[in-house]
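Enquirer: Input structure: coords.txt, which contains compact mmCIF, N, CA and C atoms.
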```txt
# COMPACT_ATOMS: atom_id res chain seq x y z
N MET H 1378 -1.47 -6.98 22.11
CA MET H 1378 -1.65 -8.37 22.48
C MET H 1378 -0.73 -9.23 21.62
N ARG H 1379 0.05 -10.04 22.28
CA ARG H 1379 1.00 -10.90 21.58
C ARG H 1379 0.29 -12.18 21.14
N LEU H 1380 0.45 -12.53 19.86
CA LEU H 1380 -0.15 -13.74 19.33
C LEU H 1380 0.81 -14.93 19.40
N TRP H 1381 2.06 -14.67 19.03
CA TRP H 1381 3.03 -15.75 18.92
C TRP H 1381 4.43 -15.20 19.10
N THR H 1382 5.30 -16.01 19.67
CA THR H 1382 6.71 -15.65 19.79
C THR H 1382 7.55 -16.70 19.09
N TYR H 1383 8.29 -16.24 18.08
CA TYR H 1383 9.22 -17.12 17.38
C TYR H 1383 10.55 -17.05 18.12
N ARG H 1384 11.18 -18.20 18.38
CA ARG H 1384 12.45 -18.25 19.09
C ARG H 1384 13.48 -18.99 18.25
N PHE H 1385 14.68 -18.42 18.17
CA PHE H 1385 15.77 -19.02 17.40
C PHE H 1385 17.02 -19.00 18.26
N ASN H 1386 17.65 -20.16 18.44
CA ASN H 1386 18.90 -20.26 19.18
C ASN H 1386 20.05 -20.44 18.19
N PHE H 1387 21.17 -19.82 18.50
CA PHE H 1387 22.38 -20.01 17.68
C PHE H 1387 23.60 -19.88 18.57
N ALA H 1388 24.66 -20.59 18.18
CA ALA H 1388 25.90 -20.60 18.95
C ALA H 1388 26.89 -19.64 18.30
N LEU H 1389 27.62 -18.94 19.17
CA LEU H 1389 28.62 -17.98 18.69
C LEU H 1389 29.68 -17.83 19.77
N ASP H 1390 30.93 -18.06 19.42
CA ASP H 1390 32.06 -17.95 20.35
C ASP H 1390 31.83 -18.68 21.67
N GLY H 1391 31.32 -19.88 21.58
CA GLY H 1391 31.13 -20.71 22.77
C GLY H 1391 29.91 -20.35 23.60
N GLY H 1392 29.13 -19.38 23.19
CA GLY H 1392 27.93 -19.00 23.93
C GLY H 1392 26.68 -19.29 23.11
N ILE H 1393 25.58 -19.47 23.82
CA ILE H 1393 24.30 -19.69 23.16
C ILE H 1393 23.51 -18.38 23.21
N TYR H 1394 23.09 -17.94 22.06
CA TYR H 1394 22.31 -16.71 21.93
C TYR H 1394 20.89 -17.09 21.52
N ARG H 1395 19.94 -16.24 21.87
CA ARG H 1395 18.55 -16.47 21.49
C ARG H 1395 17.98 -15.21 20.87
N ALA H 1396 17.42 -15.35 19.68
CA ALA H 1396 16.71 -14.26 19.03
C ALA H 1396 15.22 -14.57 19.12
N GLU H 1397 14.42 -13.56 19.44
CA GLU H 1397 12.97 -13.72 19.56
C GLU H 1397 12.27 -12.68 18.72
N ALA H 1398 11.13 -13.08 18.18
CA ALA H 1398 10.25 -12.15 17.48
C ALA H 1398 8.86 -12.34 18.06
N ALA H 1399 8.37 -11.35 18.80
CA ALA H 1399 7.04 -11.40 19.39
C ALA H 1399 6.08 -10.70 18.44
N VAL H 1400 5.15 -11.47 17.87
CA VAL H 1400 4.24 -10.96 16.86
C VAL H 1400 2.86 -10.77 17.48
N GLY H 1401 2.29 -9.58 17.30
CA GLY H 1401 0.96 -9.30 17.78
C GLY H 1401 0.06 -8.83 16.67
N PHE H 1402 -1.16 -8.40 17.01
CA PHE H 1402 -2.08 -7.90 16.00
C PHE H 1402 -1.53 -6.65 15.33
N LYS H 1403 -0.88 -5.79 16.11
CA LYS H 1403 -0.43 -4.50 15.58
C LYS H 1403 1.07 -4.30 15.62
N THR H 1404 1.81 -5.17 16.28
CA THR H 1404 3.24 -4.91 16.48
C THR H 1404 4.08 -6.16 16.26
N ILE H 1405 5.35 -5.92 15.97
CA ILE H 1405 6.37 -6.97 15.95
C ILE H 1405 7.55 -6.42 16.74
N ALA H 1406 7.96 -7.16 17.77
CA ALA H 1406 9.11 -6.76 18.58
C ALA H 1406 10.14 -7.88 18.51
N SER H 1407 11.37 -7.53 18.18
CA SER H 1407 12.42 -8.54 18.11
C SER H 1407 13.53 -8.18 19.09
N ARG H 1408 14.10 -9.24 19.69
CA ARG H 1408 15.14 -9.06 20.70
C ARG H 1408 16.18 -10.15 20.56
N VAL H 1409 17.39 -9.85 21.02
CA VAL H 1409 18.47 -10.84 21.07
C VAL H 1409 18.98 -10.88 22.50
N PHE H 1410 19.13 -12.12 23.03
CA PHE H 1410 19.60 -12.32 24.39
C PHE H 1410 20.82 -13.22 24.41
N ARG H 1411 21.63 -13.03 25.43
CA ARG H 1411 22.65 -14.02 25.81
C ARG H 1411 22.58 -14.13 27.33
N ASP H 1412 22.32 -15.32 27.79
CA ASP H 1412 22.18 -15.57 29.23
C ASP H 1412 21.19 -14.59 29.87
N ARG H 1413 20.05 -14.42 29.24
CA ARG H 1413 18.96 -13.55 29.70
C ARG H 1413 19.31 -12.07 29.71
N LYS H 1414 20.44 -11.70 29.13
CA LYS H 1414 20.83 -10.30 29.03
C LYS H 1414 20.44 -9.80 27.64
N LEU H 1415 19.66 -8.72 27.61
CA LEU H 1415 19.21 -8.14 26.34
C LEU H 1415 20.38 -7.44 25.65
N LEU H 1416 20.65 -7.84 24.41
CA LEU H 1416 21.75 -7.26 23.64
C LEU H 1416 21.29 -6.30 22.56
N ALA H 1417 20.13 -6.57 21.96
CA ALA H 1417 19.62 -5.71 20.88
C ALA H 1417 18.10 -5.83 20.84
N TYR H 1418 17.45 -4.77 20.33
CA TYR H 1418 16.00 -4.70 20.32
C TYR H 1418 15.54 -3.90 19.09
N ASP H 1419 14.45 -4.32 18.48
CA ASP H 1419 13.85 -3.57 17.38
C ASP H 1419 12.34 -3.76 17.47
N PHE H 1420 11.59 -2.77 16.98
CA PHE H 1420 10.14 -2.76 17.13
C PHE H 1420 9.52 -2.09 15.92
N THR H 1421 8.42 -2.64 15.43
CA THR H 1421 7.68 -1.98 14.37
C THR H 1421 6.19 -2.09 14.65
N ASP H 1422 5.48 -1.08 14.21
CA ASP H 1422 4.02 -1.06 14.25
C ASP H 1422 3.55 -1.45 12.86
N VAL H 1423 2.93 -2.63 12.73
CA VAL H 1423 2.60 -3.15 11.40
C VAL H 1423 1.47 -2.38 10.73
N ILE H 1424 0.80 -1.49 11.45
CA ILE H 1424 -0.25 -0.68 10.86
C ILE H 1424 0.37 0.39 9.94
N GLN H 1425 1.57 0.81 10.26
CA GLN H 1425 2.26 1.82 9.46
C GLN H 1425 2.71 1.21 8.13
N PRO H 1426 2.85 2.02 7.07
CA PRO H 1426 3.26 1.48 5.77
C PRO H 1426 4.61 0.74 5.80
N ALA H 1427 5.53 1.21 6.61
CA ALA H 1427 6.84 0.55 6.68
C ALA H 1427 6.92 -0.45 7.83
N GLY H 1428 5.78 -0.85 8.36
CA GLY H 1428 5.75 -1.72 9.53
C GLY H 1428 6.15 -3.15 9.27
N TRP H 1429 6.20 -3.58 8.02
CA TRP H 1429 6.55 -4.96 7.70
C TRP H 1429 8.01 -5.09 7.30
N ARG H 1430 8.82 -4.13 7.66
CA ARG H 1430 10.23 -4.17 7.27
C ARG H 1430 10.96 -5.28 8.02
N THR H 1431 12.10 -5.66 7.48
CA THR H 1431 12.96 -6.65 8.12
C THR H 1431 13.69 -5.98 9.27
N HIS H 1432 13.72 -6.64 10.43
CA HIS H 1432 14.41 -6.07 11.59
C HIS H 1432 15.91 -6.32 11.48
N GLN H 1433 16.68 -5.29 11.76
CA GLN H 1433 18.13 -5.35 11.74
C GLN H 1433 18.61 -5.16 13.17
N LEU H 1434 19.15 -6.20 13.77
CA LEU H 1434 19.65 -6.14 15.14
C LEU H 1434 21.16 -6.26 15.09
N SER H 1435 21.85 -5.46 15.87
CA SER H 1435 23.31 -5.56 15.87
C SER H 1435 23.84 -5.28 17.27
N PHE H 1436 24.97 -5.90 17.56
CA PHE H 1436 25.66 -5.68 18.83
C PHE H 1436 27.12 -6.06 18.64
N ALA H 1437 27.96 -5.63 19.56
CA ALA H 1437 29.39 -5.90 19.48
C ALA H 1437 29.76 -6.94 20.53
N LEU H 1438 30.64 -7.84 20.14
CA LEU H 1438 31.18 -8.82 21.09
C LEU H 1438 32.25 -8.15 21.95
N ALA H 1439 32.70 -8.84 22.98
CA ALA H 1439 33.70 -8.28 23.89
C ALA H 1439 35.00 -7.93 23.18
N ASP H 1440 35.34 -8.68 22.12
CA ASP H 1440 36.59 -8.41 21.39
C ASP H 1440 36.42 -7.36 20.30
N GLY H 1441 35.22 -6.77 20.19
CA GLY H 1441 34.99 -5.69 19.24
C GLY H 1441 34.38 -6.11 17.91
N ARG H 1442 34.26 -7.39 17.66
CA ARG H 1442 33.65 -7.84 16.41
C ARG H 1442 32.16 -7.54 16.42
N GLN H 1443 31.62 -7.23 15.24
CA GLN H 1443 30.21 -6.85 15.10
C GLN H 1443 29.37 -8.06 14.69
N VAL H 1444 28.25 -8.22 15.37
CA VAL H 1444 27.28 -9.26 15.03
C VAL H 1444 26.05 -8.53 14.49
N LYS H 1445 25.60 -8.94 13.31
CA LYS H 1445 24.41 -8.36 12.71
C LYS H 1445 23.40 -9.48 12.47
N ILE H 1446 22.20 -9.27 12.93
CA ILE H 1446 21.13 -10.26 12.78
C ILE H 1446 20.02 -9.64 11.97
N GLU H 1447 19.62 -10.35 10.94
CA GLU H 1447 18.49 -9.94 10.11
C GLU H 1447 17.34 -10.87 10.46
N LEU H 1448 16.22 -10.29 10.89
CA LEU H 1448 15.09 -11.08 11.33
C LEU H 1448 13.84 -10.57 10.63
N GLY H 1449 13.11 -11.47 9.99
CA GLY H 1449 11.90 -11.04 9.29
C GLY H 1449 11.19 -12.20 8.65
N TYR H 1450 10.11 -11.88 7.96
CA TYR H 1450 9.29 -12.90 7.31
C TYR H 1450 10.01 -13.49 6.11
N ILE H 1451 9.89 -14.81 5.96
CA ILE H 1451 10.41 -15.49 4.77
C ILE H 1451 9.27 -15.91 3.85
N ASP H 1452 8.07 -15.94 4.38
CA ASP H 1452 6.85 -16.14 3.61
C ASP H 1452 5.72 -15.48 4.39
N TRP H 1453 4.48 -15.78 4.07
CA TRP H 1453 3.36 -15.07 4.70
C TRP H 1453 3.16 -15.46 6.16
N PHE H 1454 3.73 -16.59 6.62
CA PHE H 1454 3.45 -17.07 7.96
C PHE H 1454 4.68 -17.32 8.82
N ARG H 1455 5.84 -17.48 8.23
CA ARG H 1455 7.03 -17.87 8.99
C ARG H 1455 8.07 -16.76 9.02
N ILE H 1456 8.76 -16.71 10.15
CA ILE H 1456 9.84 -15.75 10.35
C ILE H 1456 11.16 -16.52 10.39
N GLY H 1457 12.20 -15.91 9.87
CA GLY H 1457 13.52 -16.53 9.88
C GLY H 1457 14.58 -15.52 10.26
N ILE H 1458 15.78 -16.03 10.55
CA ILE H 1458 16.91 -15.15 10.88
C ILE H 1458 18.14 -15.55 10.09
N SER H 1459 19.02 -14.57 9.91
CA SER H 1459 20.37 -14.86 9.44
C SER H 1459 21.31 -14.06 10.33
N VAL H 1460 22.40 -14.69 10.72
CA VAL H 1460 23.36 -14.07 11.64
C VAL H 1460 24.68 -13.92 10.91
N ARG H 1461 25.25 -12.73 11.00
CA ARG H 1461 26.54 -12.45 10.37
C ARG H 1461 27.51 -11.92 11.43
N LEU H 1462 28.71 -12.44 11.37
CA LEU H 1462 29.80 -11.98 12.24
C LEU H 1462 30.81 -11.29 11.34
N ASP H 1463 30.96 -9.99 11.49
CA ASP H 1463 31.83 -9.19 10.63
C ASP H 1463 31.52 -9.46 9.14
N ASP H 1464 30.24 -9.41 8.81
CA ASP H 1464 29.73 -9.60 7.45
C ASP H 1464 29.97 -10.99 6.86
N VAL H 1465 30.25 -11.98 7.68
CA VAL H 1465 30.39 -13.37 7.24
C VAL H 1465 29.21 -14.14 7.82
N LEU H 1466 28.45 -14.79 6.94
CA LEU H 1466 27.28 -15.54 7.37
C LEU H 1466 27.70 -16.72 8.24
N ILE H 1467 27.13 -16.79 9.47
CA ILE H 1467 27.47 -17.91 10.35
C ILE H 1467 26.26 -18.76 10.72
N HIS H 1468 25.04 -18.24 10.51
CA HIS H 1468 23.85 -19.02 10.85
C HIS H 1468 22.66 -18.54 10.02
N GLU H 1469 21.87 -19.50 9.54
CA GLU H 1469 20.59 -19.22 8.88
C GLU H 1469 19.56 -20.17 9.45
N SER H 1470 18.40 -19.66 9.83
CA SER H 1470 17.36 -20.54 10.33
C SER H 1470 16.73 -21.33 9.19
N HIS H 1471 16.65 -20.75 8.02
CA HIS H 1471 16.09 -21.40 6.84
C HIS H 1471 17.09 -21.21 5.69
N PRO H 1472 18.07 -22.10 5.57
CA PRO H 1472 19.15 -21.91 4.59
C PRO H 1472 18.62 -21.69 3.17
N GLY H 1473 19.18 -20.67 2.55
CA GLY H 1473 18.84 -20.35 1.17
C GLY H 1473 17.60 -19.49 0.99
N ARG H 1474 16.85 -19.24 2.04
CA ARG H 1474 15.63 -18.43 1.93
C ARG H 1474 15.98 -16.96 2.12
N VAL H 1475 15.34 -16.09 1.37
CA VAL H 1475 15.55 -14.66 1.47
C VAL H 1475 14.63 -14.13 2.58
N ILE H 1476 15.18 -13.33 3.46
CA ILE H 1476 14.39 -12.78 4.55
C ILE H 1476 13.77 -11.47 4.06
N ARG H 1477 12.58 -11.63 3.51
CA ARG H 1477 11.83 -10.49 2.99
C ARG H 1477 10.41 -10.95 2.80
N LEU H 1478 9.45 -10.15 3.25
CA LEU H 1478 8.05 -10.49 3.10
C LEU H 1478 7.69 -10.52 1.62
N PRO H 1479 7.04 -11.60 1.16
CA PRO H 1479 6.62 -11.62 -0.24
C PRO H 1479 5.62 -10.50 -0.50
N THR H 1480 5.69 -9.94 -1.67
CA THR H 1480 4.77 -8.84 -2.00
C THR H 1480 3.84 -9.27 -3.11
N ILE H 1481 2.67 -8.69 -3.11
CA ILE H 1481 1.70 -8.98 -4.15
C ILE H 1481 2.13 -8.22 -5.40
N GLY H 1482 2.20 -8.91 -6.51
CA GLY H 1482 2.59 -8.26 -7.75
C GLY H 1482 4.06 -7.90 -7.80
N ASN H 1483 4.88 -8.50 -6.95
CA ASN H 1483 6.32 -8.27 -6.93
C ASN H 1483 6.70 -6.81 -6.72
N LYS H 1484 5.94 -6.09 -5.90
CA LYS H 1484 6.29 -4.70 -5.58
C LYS H 1484 7.10 -4.68 -4.30
N SER H 1485 8.08 -3.82 -4.27
CA SER H 1485 8.89 -3.67 -3.07
C SER H 1485 8.13 -2.77 -2.09
N PRO H 1486 8.51 -2.78 -0.80
CA PRO H 1486 7.85 -1.90 0.15
C PRO H 1486 7.94 -0.42 -0.24
N ALA H 1487 9.05 -0.03 -0.87
CA ALA H 1487 9.20 1.36 -1.31
C ALA H 1487 8.17 1.69 -2.40
N GLU H 1488 7.92 0.74 -3.30
CA GLU H 1488 6.91 0.96 -4.34
C GLU H 1488 5.51 1.05 -3.75
N TRP H 1489 5.23 0.20 -2.75
CA TRP H 1489 3.92 0.28 -2.08
C TRP H 1489 3.76 1.63 -1.40
N GLU H 1490 4.81 2.11 -0.76
CA GLU H 1490 4.75 3.41 -0.07
C GLU H 1490 4.52 4.53 -1.07
N ALA H 1491 5.22 4.49 -2.20
CA ALA H 1491 5.04 5.53 -3.23
C ALA H 1491 3.62 5.50 -3.78
N GLU H 1492 3.08 4.31 -3.99
CA GLU H 1492 1.71 4.20 -4.48
C GLU H 1492 0.71 4.72 -3.45
N HIS H 1493 0.97 4.45 -2.18
CA HIS H 1493 0.12 4.96 -1.10
C HIS H 1493 0.15 6.49 -1.06
N GLN H 1494 1.32 7.08 -1.22
CA GLN H 1494 1.44 8.54 -1.21
C GLN H 1494 0.71 9.15 -2.41
N ARG H 1495 0.83 8.53 -3.59
CA ARG H 1495 0.11 9.02 -4.79
C ARG H 1495 -1.39 8.95 -4.58
N SER H 1496 -1.86 7.86 -3.99
CA SER H 1496 -3.29 7.69 -3.74
C SER H 1496 -3.79 8.75 -2.77
N LYS H 1497 -3.01 9.04 -1.73
CA LYS H 1497 -3.39 10.08 -0.77
C LYS H 1497 -3.47 11.44 -1.46
N ALA H 1498 -2.50 11.75 -2.31
CA ALA H 1498 -2.48 13.03 -3.01
C ALA H 1498 -3.69 13.14 -3.94
N GLN H 1499 -4.06 12.05 -4.61
CA GLN H 1499 -5.23 12.07 -5.49
C GLN H 1499 -6.51 12.32 -4.70
N MET H 1500 -6.62 11.73 -3.50
CA MET H 1500 -7.82 11.95 -2.68
C MET H 1500 -7.91 13.41 -2.23
N VAL H 1501 -6.78 13.99 -1.87
CA VAL H 1501 -6.77 15.40 -1.45
C VAL H 1501 -7.19 16.29 -2.62
N GLN H 1502 -6.67 16.01 -3.82
CA GLN H 1502 -7.05 16.79 -5.00
C GLN H 1502 -8.53 16.63 -5.32
N ALA H 1503 -9.04 15.41 -5.21
CA ALA H 1503 -10.46 15.17 -5.49
C ALA H 1503 -11.34 15.93 -4.50
N PHE H 1504 -10.96 15.94 -3.22
CA PHE H 1504 -11.73 16.68 -2.24
C PHE H 1504 -11.66 18.18 -2.52
N ALA H 1505 -10.50 18.67 -2.89
CA ALA H 1505 -10.35 20.11 -3.20
C ALA H 1505 -11.24 20.50 -4.37
N ARG H 1506 -11.36 19.64 -5.38
CA ARG H 1506 -12.23 19.92 -6.53
C ARG H 1506 -13.70 19.89 -6.15
N ASN H 1507 -14.07 19.00 -5.24
CA ASN H 1507 -15.48 18.75 -4.95
C ASN H 1507 -15.97 19.32 -3.63
N LYS H 1508 -15.16 20.12 -2.94
CA LYS H 1508 -15.57 20.58 -1.62
C LYS H 1508 -16.83 21.44 -1.66
N TYR H 1509 -17.02 22.25 -2.70
CA TYR H 1509 -18.21 23.10 -2.76
C TYR H 1509 -19.45 22.25 -3.04
N SER H 1510 -19.33 21.27 -3.92
CA SER H 1510 -20.45 20.38 -4.20
C SER H 1510 -20.84 19.59 -2.96
N ILE H 1511 -19.85 19.12 -2.22
CA ILE H 1511 -20.12 18.38 -0.99
C ILE H 1511 -20.80 19.29 0.03
N GLY H 1512 -20.33 20.52 0.14
CA GLY H 1512 -20.95 21.49 1.07
C GLY H 1512 -22.40 21.76 0.72
N VAL H 1513 -22.70 21.93 -0.57
CA VAL H 1513 -24.08 22.18 -1.00
C VAL H 1513 -24.95 20.95 -0.70
N ASP H 1514 -24.45 19.75 -0.97
CA ASP H 1514 -25.20 18.53 -0.69
C ASP H 1514 -25.51 18.40 0.80
N VAL H 1515 -24.54 18.68 1.64
CA VAL H 1515 -24.75 18.60 3.09
C VAL H 1515 -25.76 19.66 3.52
N GLY H 1516 -25.63 20.87 2.99
CA GLY H 1516 -26.56 21.94 3.33
C GLY H 1516 -28.00 21.62 2.94
N ILE H 1517 -28.21 21.10 1.74
CA ILE H 1517 -29.55 20.73 1.29
C ILE H 1517 -30.11 19.61 2.16
N SER H 1518 -29.26 18.64 2.53
CA SER H 1518 -29.70 17.55 3.40
C SER H 1518 -30.14 18.07 4.76
N VAL H 1519 -29.39 19.01 5.33
CA VAL H 1519 -29.75 19.59 6.62
C VAL H 1519 -31.07 20.34 6.49
N LEU H 1520 -31.25 21.14 5.46
CA LEU H 1520 -32.52 21.86 5.25
C LEU H 1520 -33.70 20.89 5.09
N PHE H 1521 -33.47 19.79 4.40
CA PHE H 1521 -34.52 18.80 4.21
C PHE H 1521 -34.95 18.21 5.57
N PHE H 1522 -33.99 17.83 6.39
CA PHE H 1522 -34.33 17.22 7.68
C PHE H 1522 -34.93 18.23 8.63
N ILE H 1523 -34.54 19.50 8.53
CA ILE H 1523 -35.16 20.53 9.38
C ILE H 1523 -36.61 20.77 8.94
N SER H 1524 -36.85 20.82 7.63
CA SER H 1524 -38.20 21.10 7.14
C SER H 1524 -39.15 19.92 7.38
N VAL H 1525 -38.65 18.70 7.44
CA VAL H 1525 -39.50 17.53 7.69
C VAL H 1525 -39.98 17.52 9.13
N ASN H 1526 -39.15 17.95 10.04
CA ASN H 1526 -39.53 17.95 11.48
C ASN H 1526 -40.34 19.16 11.72
```
For this file, produce the structure as C-alpha cells.

Expert:
Amino acid sequence: MRLWTYRFNFALDGGIYRAEAAVGFKTIASRVFRDRKLLAYDFTDVIQPAGWRTHQLSFALADGRQVKIELGYIDWFRIGISVRLDDVLIHESHPGRVIRLPTIGNKSPAEWEAEHQRSKAQMVQAFARNKYSIGVDVGISVLFFISVN
C-alpha cells in the first residue's frame, strides 16, 4: 500500500524530467521519467536490513552522457534528490543536504547490519546451549497438562 509519492522535476538538455519516490508501509519504489517514458527504476523492501539504502538511478542520454540520480531520505520524514551529469552536480532538491537516512548513535547501515548478524549468532549459540533444558521444560509441561486432564 502506497502512503505517499514524492515528486521532483528537473531540467536537463532542454527536457523536463521527473523523479518519483513511492513510499509505502513496506516498500520504497523510485522511478525517473521523461515525457511519461520510464528511464530508470529502483526498489527496496524496508523490512530488510538494507531496505533503507539510498536509491541510485542512472540512464544514458542520446549523446552517450551518463545521468546519475541519488534519491533517498535527508531526514526522518523527507526525501531528496541530487542529479549528476557525467559526475558534475546539476540539480539538488535540498542544496547542501546529505542524502542519507540519519542513524541513531551515528551508526552506518553497515554497522547496523553487522550488529544484527552478531545478535543473530548469539541467539543461535544461546539456543544451542539451552536446547536440552528447553526440551525438558516442554516435556514436563506436557506431562503436567496430561495428568491434570

Enquirer: Mind giving me the straight-line distance from atom N of Phe1522 of chain H to atom C of Met1500 of chain H in Å, one decimal?

Expert: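 About the pair atom N of Phe1522 of chain H and atom C of Met1500 of chain H: they are 27.8 Å apart.
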
Enquirer: Can you check which residues of chain H DSSP gives as alpha helix (DSSP H) on the backbone and send them as a PyMOL selection string?

Expert: chain H and resi 1486-1525

Enquirer: Given only C-alpha atoms as the basis, pick out the residue of H:Phe1420, H:Leu1466, H:Arg1413, H:Thr1431 nearest to Leu1389 of chain H.

Expert: H:Leu1466

Enquirer: What is the distance between atom CA of Ile1446 of chain H and atom C of Trp1489 of chain H, in Å to one decimal?

Expert: 25.4 Å

Enquirer: What is the atom CA of Asp1452 of chain H-atom CA of Arg1477 of chain H distance in Å, reported with one decimal?

Expert: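 Atom CA of Asp1452 of chain H sits 7.6 Å away from atom CA of Arg1477 of chain H.
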
Enquirer: Name the closest residue to Phe1402 of chain H among the candidates H:Val1423, H:Ala1388, H:Leu1478, H:Leu1415; distances are taken between atoms, counting only C-alpha atoms.

Expert: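 Checking each candidate against Phe1402 of chain H, we get H:Val1423 as the closest.
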
Enquirer: Could you find all residues in segment 1414-1471 of chain H that DSSP calls strand (DSSP E or B) from the backbone, and write them as an mmCIF file with N, CA and C atoms, in the frame of the given file?

Expert:
```
data_model
loop_
_atom_site.group_PDB
_atom_site.id
_atom_site.type_symbol
_atom_site.label_atom_id
_atom_site.label_comp_id
_atom_site.auth_asym_id
_atom_site.auth_seq_id
_atom_site.Cartn_x
_atom_site.Cartn_y
_atom_site.Cartn_z
ATOM 1 N N LYS H 1414 20.440 -11.700 29.130
ATOM 2 C CA LYS H 1414 20.830 -10.300 29.030
ATOM 3 C C LYS H 1414 20.440 -9.800 27.640
ATOM 4 N N LEU H 1415 19.660 -8.720 27.610
ATOM 5 C CA LEU H 1415 19.210 -8.140 26.340
ATOM 6 C C LEU H 1415 20.380 -7.440 25.650
ATOM 7 N N LEU H 1416 20.650 -7.840 24.410
ATOM 8 C CA LEU H 1416 21.750 -7.260 23.640
ATOM 9 C C LEU H 1416 21.290 -6.300 22.560
ATOM 10 N N ALA H 1417 20.130 -6.570 21.960
ATOM 11 C CA ALA H 1417 19.620 -5.710 20.880
ATOM 12 C C ALA H 1417 18.100 -5.830 20.840
ATOM 13 N N TYR H 1418 17.450 -4.770 20.330
ATOM 14 C CA TYR H 1418 16.000 -4.700 20.320
ATOM 15 C C TYR H 1418 15.540 -3.900 19.090
ATOM 16 N N ASP H 1419 14.450 -4.320 18.480
ATOM 17 C CA ASP H 1419 13.850 -3.570 17.380
ATOM 18 C C ASP H 1419 12.340 -3.760 17.470
ATOM 19 N N PHE H 1420 11.590 -2.770 16.980
ATOM 20 C CA PHE H 1420 10.140 -2.760 17.130
ATOM 21 C C PHE H 1420 9.520 -2.090 15.920
ATOM 22 N N THR H 1421 8.420 -2.640 15.430
ATOM 23 C CA THR H 1421 7.680 -1.980 14.370
ATOM 24 C C THR H 1421 6.190 -2.090 14.650
ATOM 25 N N ASP H 1422 5.480 -1.080 14.210
ATOM 26 C CA ASP H 1422 4.020 -1.060 14.250
ATOM 27 C C ASP H 1422 3.550 -1.450 12.860
ATOM 28 N N HIS H 1432 13.720 -6.640 10.430
ATOM 29 C CA HIS H 1432 14.410 -6.070 11.590
ATOM 30 C C HIS H 1432 15.910 -6.320 11.480
ATOM 31 N N GLN H 1433 16.680 -5.290 11.760
ATOM 32 C CA GLN H 1433 18.130 -5.350 11.740
ATOM 33 C C GLN H 1433 18.610 -5.160 13.170
ATOM 34 N N LEU H 1434 19.150 -6.200 13.770
ATOM 35 C CA LEU H 1434 19.650 -6.140 15.140
ATOM 36 C C LEU H 1434 21.160 -6.260 15.090
ATOM 37 N N SER H 1435 21.850 -5.460 15.870
ATOM 38 C CA SER H 1435 23.310 -5.560 15.870
ATOM 39 C C SER H 1435 23.840 -5.280 17.270
ATOM 40 N N PHE H 1436 24.970 -5.900 17.560
ATOM 41 C CA PHE H 1436 25.660 -5.680 18.830
ATOM 42 C C PHE H 1436 27.120 -6.060 18.640
ATOM 43 N N ALA H 1437 27.960 -5.630 19.560
ATOM 44 C CA ALA H 1437 29.390 -5.900 19.480
ATOM 45 C C ALA H 1437 29.760 -6.940 20.530
ATOM 46 N N GLN H 1443 31.620 -7.230 15.240
ATOM 47 C CA GLN H 1443 30.210 -6.850 15.100
ATOM 48 C C GLN H 1443 29.370 -8.060 14.690
ATOM 49 N N VAL H 1444 28.250 -8.220 15.370
ATOM 50 C CA VAL H 1444 27.280 -9.260 15.030
ATOM 51 C C VAL H 1444 26.050 -8.530 14.490
ATOM 52 N N LYS H 1445 25.600 -8.940 13.310
ATOM 53 C CA LYS H 1445 24.410 -8.360 12.710
ATOM 54 C C LYS H 1445 23.400 -9.480 12.470
ATOM 55 N N ILE H 1446 22.200 -9.270 12.930
ATOM 56 C CA ILE H 1446 21.130 -10.260 12.780
ATOM 57 C C ILE H 1446 20.020 -9.640 11.970
ATOM 58 N N GLU H 1447 19.620 -10.350 10.940
ATOM 59 C CA GLU H 1447 18.490 -9.940 10.110
ATOM 60 C C GLU H 1447 17.340 -10.870 10.460
ATOM 61 N N LEU H 1448 16.220 -10.290 10.890
ATOM 62 C CA LEU H 1448 15.090 -11.080 11.330
ATOM 63 C C LEU H 1448 13.840 -10.570 10.630
ATOM 64 N N GLY H 1449 13.110 -11.470 9.990
ATOM 65 C CA GLY H 1449 11.900 -11.040 9.290
ATOM 66 C C GLY H 1449 11.190 -12.200 8.650
ATOM 67 N N TYR H 1450 10.110 -11.880 7.960
ATOM 68 C CA TYR H 1450 9.290 -12.900 7.310
ATOM 69 C C TYR H 1450 10.010 -13.490 6.110
ATOM 70 N N ILE H 1456 8.760 -16.710 10.150
ATOM 71 C CA ILE H 1456 9.840 -15.750 10.350
ATOM 72 C C ILE H 1456 11.160 -16.520 10.390
ATOM 73 N N GLY H 1457 12.200 -15.910 9.870
ATOM 74 C CA GLY H 1457 13.520 -16.530 9.880
ATOM 75 C C GLY H 1457 14.580 -15.520 10.260
ATOM 76 N N ILE H 1458 15.780 -16.030 10.550
ATOM 77 C CA ILE H 1458 16.910 -15.150 10.880
ATOM 78 C C ILE H 1458 18.140 -15.550 10.090
ATOM 79 N N SER H 1459 19.020 -14.570 9.910
ATOM 80 C CA SER H 1459 20.370 -14.860 9.440
ATOM 81 C C SER H 1459 21.310 -14.060 10.330
ATOM 82 N N VAL H 1460 22.400 -14.690 10.720
ATOM 83 C CA VAL H 1460 23.360 -14.070 11.640
ATOM 84 C C VAL H 1460 24.680 -13.920 10.910
ATOM 85 N N ARG H 1461 25.250 -12.730 11.000
ATOM 86 C CA ARG H 1461 26.540 -12.450 10.370
ATOM 87 C C ARG H 1461 27.510 -11.920 11.430
ATOM 88 N N LEU H 1462 28.710 -12.440 11.370
ATOM 89 C CA LEU H 1462 29.800 -11.980 12.240
ATOM 90 C C LEU H 1462 30.810 -11.290 11.340
ATOM 91 N N VAL H 1465 30.250 -11.980 7.680
ATOM 92 C CA VAL H 1465 30.390 -13.370 7.240
ATOM 93 C C VAL H 1465 29.210 -14.140 7.820
ATOM 94 N N LEU H 1466 28.450 -14.790 6.940
ATOM 95 C CA LEU H 1466 27.280 -15.540 7.370
ATOM 96 C C LEU H 1466 27.700 -16.720 8.240
ATOM 97 N N ILE H 1467 27.130 -16.790 9.470
ATOM 98 C CA ILE H 1467 27.470 -17.910 10.350
ATOM 99 C C ILE H 1467 26.260 -18.760 10.720
ATOM 100 N N HIS H 1468 25.040 -18.240 10.510
ATOM 101 C CA HIS H 1468 23.850 -19.020 10.850
ATOM 102 C C HIS H 1468 22.660 -18.540 10.020
ATOM 103 N N GLU H 1469 21.870 -19.500 9.540
ATOM 104 C CA GLU H 1469 20.590 -19.220 8.880
ATOM 105 C C GLU H 1469 19.560 -20.170 9.450
#
```
